[in-house]
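Report on the structure given below.
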Amino acid sequence: MEEFQGPEPGFCENPRSLELNQRRWWISVFFCGFLIFVGDSLVMLLLNFYYVQDNRSDSDQDRQYKGTWTQALIQNAAFPILIPLFFIFPSPKPNLETVSSQTNNGWFRVLSLYVSLGVLVSVYSKLYALAKLYVGWGILVSTQLILTSLFTAFINRLKFNRWIIISIILTLAADFFGGPAFAGTPDEDESDAYGIKAWLILIFPTLAFSLSLCLMQLGFDKVLVKTKRYGNKKVFRMVLEMQICVSFIATLICIVGLFASGEFKELKGDSERFKRGKTYYILSLIGLALSWQVWAVGLLGLVLLVSGLFADVVHMCASPVVALLIVLAFDFMDDDFGWQRRGALLGAVLALASYFYSLYKTKRKETAELKKRENNNSEA
């Protein structure tokens with residue numbers, strides 16, 4: 001897991017090292033996808049547990065939409081657990097000549113990148129916490145994938161092929177028919193009362209999340225790699241560095257929001273109202289904070305390895321699996337894993353298979369070109 005990329009020109013000495021790099025790349029992709037599935041599952045299970053135990057459905061309408069700064073803070077606050085990992089993973093030697101010539105400009109670009117992403121992450125963390133209480137969970141992620149596709153095409157210049165397009169369509173269908181139940185979803189009369197406001201709250205977090213994915217990809221390719229601080233390689237430390245720095249800035253913003261809004265005064269009441277008591281309240285928040293970090297590391301890893309669009313596709317394809325786990329864990333009324341969700345699970349598998357096939361074809365073409373170039377150099 002030290003080296004986190006596929007082969008690049010000039011870095012493969014022989015066919016064996018080329019094959020080894022390819023194998024490491026695929027293992028890294030599957031590992032990050034696994035982290036996303038685990039993180040998504042734990043987050044949704046713990047969120048449902050939190051809102052069930054919070055007695056929010058028995059409260060007045062205004063009470064149901066509070067506590068969002070707390071949820072936003074929890075989404076980002078557990079980043080210190082990644083700091084030991086950052087120092088454990090070795091760092092390749094930087095290109096000293098390039099680093100010395102770009103020191104001032106490079107650090108300013110890195111700082112600007114992390115501040116911009118920190119603001120975006122704090123915005124979508126807060127608004128996502130609010131939006132899922134207004135319009136539910138499923139419509140949020142569906143809208144976000146459409147925006148991510150558009151941003152990736154224009155910002156990251158991603159070339160779409162038929163397999164990627166098929167994967168996007170299947171992912172949207174899988175999420176629409178197989179989205180998990182959410183205990184914080186408003187009743188119909190509540191969502192009607194906040195119709196226009198709900199749609200406005202829906203647009204901004206999805207816009208911020210999709211834009212952040214594309215800017216993260218741009219940051220990896222155009223800032224962290226170009227500054228040569230990690231040599232010419234994409235490594236796992238890049239993922240940890242970005243997640244730690246961005247989460248730190250987002251956490252500071254969320255803390256300011258928590259105190260400026262006066263929401264911190266409600267924390268004591270939240271813990272006392274929790275059905276299982278204060279201990280379970282604290283444990284659920286800690287579990288949520290850790291689960292968000294697992295999900296974020298997996299997401300950033302796929303952004304680094306492949307693209308922001310692929311990371312979003314994997315994130316959304318986890319929905320039918322999460323739905324199955326919630327059906328098994330909770331006894332929500334009219335919530336079962338029927339034929340619709342079974343079909344959605346099949347659609348998610350096909351969506352991932354389609355995108356993976358596209359990646360396989362791309363990597364095979366790159367490998368063939370590198371081998372051809374190497375053979376020409378050896379003959380010369």
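In the structure tokens, chains take letters A, B, ... by order of appearance, with residues numbered from 1 within each chain and ligands from 1 in the order shown.
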Item to complete: From segment 149-251 of chain A, collect each residue whose DSSP state is alpha helix (DSSP H) and return the set as a ChimeraX atom specification.
Response: /A:149-155,162-178,188-193,195-219,236-251
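Near Lys278 of chain A, within 12 Å and counting only C-alpha atoms, sit Tyr50, Gln53, Asp54, Leu267, Lys268, Gly269, Asp270, Ser271, Glu272, Arg273, Phe274, Ile282, Leu283, Ser284 and Leu285 of chain A; same-chain residues fewer than 4 positions away were not included.
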Could you take the residues named above and write them with C-alpha atoms, as a PDB file, in the first residue's frame?
ATOM      1  CA  TYR A  50     -29.023   7.767  16.565  1.00  0.00           C
ATOM      2  CA  GLN A  53     -32.937   6.685  19.971  1.00  0.00           C
ATOM      3  CA  ASP A  54     -33.187  10.481  19.805  1.00  0.00           C
ATOM      4  CA  LEU A 267     -26.034  18.882  23.579  1.00  0.00           C
ATOM      5  CA  LYS A 268     -26.950  18.161  27.192  1.00  0.00           C
ATOM      6  CA  GLY A 269     -30.623  17.845  26.296  1.00  0.00           C
ATOM      7  CA  ASP A 270     -29.762  15.534  23.390  1.00  0.00           C
ATOM      8  CA  SER A 271     -27.861  13.157  25.649  1.00  0.00           C
ATOM      9  CA  GLU A 272     -30.616  13.157  28.285  1.00  0.00           C
ATOM     10  CA  ARG A 273     -33.317  12.506  25.694  1.00  0.00           C
ATOM     11  CA  PHE A 274     -31.450   9.519  24.224  1.00  0.00           C
ATOM     12  CA  ILE A 282     -21.523   9.141  23.426  1.00  0.00           C
ATOM     13  CA  LEU A 283     -20.620   5.759  21.907  1.00  0.00           C
ATOM     14  CA  SER A 284     -22.879   6.356  18.914  1.00  0.00           C
ATOM     15  CA  LEU A 285     -21.245   9.729  18.221  1.00  0.00           C
TER      16      LEU A 285
END
Fill in: Residue neighbourhood segment 143-149 of chain A, 12 Å, only C-alpha atoms, exclusion window fewer than 4 positions, as a PyMOL selection string
chain A and resi 124+128+135+137-139+153-160+164-165+167-173+175-176+199+202-215+217+303+307-317
Worksheet item: If you count only C-alpha atoms, which residues fall within 12 Å of Leu290 of chain A, apart from same-chain ones fewer than 3 positions away, as a PyMOL selection string?
Response: chain A and resi 35+38-40+42-43+46+74-82+283-287+293-297
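Every protein or nucleic acid residue with an atom no more than 12 Å from Ile253 of chain A, counting only C-alpha atoms and leaving out same-chain residues fewer than 3 positions away, appears here: Trp69, Thr70, Ala72, Leu73, Asn76, Ala77, Val115, Leu117, Gly118, Val119, Leu120, Val121, Ser122, Val123, Tyr124, Ser125, Lys126, Val246, Ser247, Phe248, Ile249, Ala250, Val256, Gly257, Leu258, Phe259 and Ala260 of chain A.
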Worksheet entry | Residues near Trp163 of chain A, cut-off 8 Å, only C-alpha atoms, skip fewer than 4 positions along chain, as a PyMOL selection string | chain A and resi 167+354-355+357-358
Just to be explicit: take each residue in the selection above, keep all heavy atoms, and write the result as a compact mmCIF listing (two decimals), in the first residue's frame.
# COMPACT_ATOMS: atom_id res chain seq x y z
N SER A 167 -22.40 2.43 -16.65
CA SER A 167 -22.21 2.33 -15.21
C SER A 167 -22.97 3.43 -14.47
O SER A 167 -23.61 3.19 -13.44
CB SER A 167 -20.72 2.40 -14.88
OG SER A 167 -20.52 2.37 -13.49
N SER A 354 -19.23 -2.84 -14.99
CA SER A 354 -19.06 -2.05 -16.20
C SER A 354 -17.92 -1.06 -16.06
O SER A 354 -17.08 -0.93 -16.97
CB SER A 354 -20.37 -1.31 -16.51
OG SER A 354 -20.24 -0.52 -17.68
N TYR A 355 -17.85 -0.38 -14.92
CA TYR A 355 -16.77 0.60 -14.72
C TYR A 355 -15.42 -0.10 -14.58
O TYR A 355 -14.39 0.36 -15.12
CB TYR A 355 -17.05 1.46 -13.50
CG TYR A 355 -16.51 2.87 -13.62
CD1 TYR A 355 -17.34 3.98 -13.50
CD2 TYR A 355 -15.16 3.09 -13.86
CE1 TYR A 355 -16.84 5.27 -13.63
CE2 TYR A 355 -14.66 4.38 -14.00
CZ TYR A 355 -15.50 5.46 -13.88
OH TYR A 355 -15.00 6.73 -14.02
N TYR A 357 -14.58 -2.89 -15.94
CA TYR A 357 -14.18 -3.34 -17.26
C TYR A 357 -13.55 -2.20 -18.06
O TYR A 357 -12.56 -2.39 -18.78
CB TYR A 357 -15.38 -3.90 -18.02
CG TYR A 357 -15.03 -4.45 -19.39
CD1 TYR A 357 -14.23 -5.58 -19.52
CD2 TYR A 357 -15.47 -3.79 -20.54
CE1 TYR A 357 -13.89 -6.06 -20.78
CE2 TYR A 357 -15.14 -4.27 -21.80
CZ TYR A 357 -14.35 -5.41 -21.91
OH TYR A 357 -14.01 -5.89 -23.15
N SER A 358 -14.11 -1.00 -17.90
CA SER A 358 -13.53 0.17 -18.55
C SER A 358 -12.12 0.44 -18.03
O SER A 358 -11.20 0.74 -18.82
CB SER A 358 -14.42 1.40 -18.30
OG SER A 358 -13.82 2.57 -18.79
Item to complete: Go ahead and compute the interatomic distance for atom CA of Cys32 of chain A and atom CA of Leu299 of chain A, in Å to one decimal.
Response: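 Between these atoms lies a distance of 6.9 Å.
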Worksheet item: Quick one, how far is atom CA of Gln243 of chain A from atom CA of Phe108 of chain A?
Response: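 Here the two named atoms are 17.8 Å from each other.
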Discussion item. Given only C-alpha atoms as the basis, pick out the residue of A:Leu325, A:Leu352, A:Met44, A:Leu85 nearest to Lys132 of chain A.
Written reply: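 Answer, going by the shortest atom-to-atom distance: A:Met44.
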Worksheet item: What separation in Å, quoted to one decimal, exists between atom CA of Leu150 of chain A and atom CA of Arg342 of chain A?
Response: 29.0 Å
Discussion item. I need the residue nearest Ile36 of chain A from this list: A:Arg276, A:Arg341, A:Val321, A:Gly178. Use only C-alpha atoms for the distance.
Written reply: A:Val321
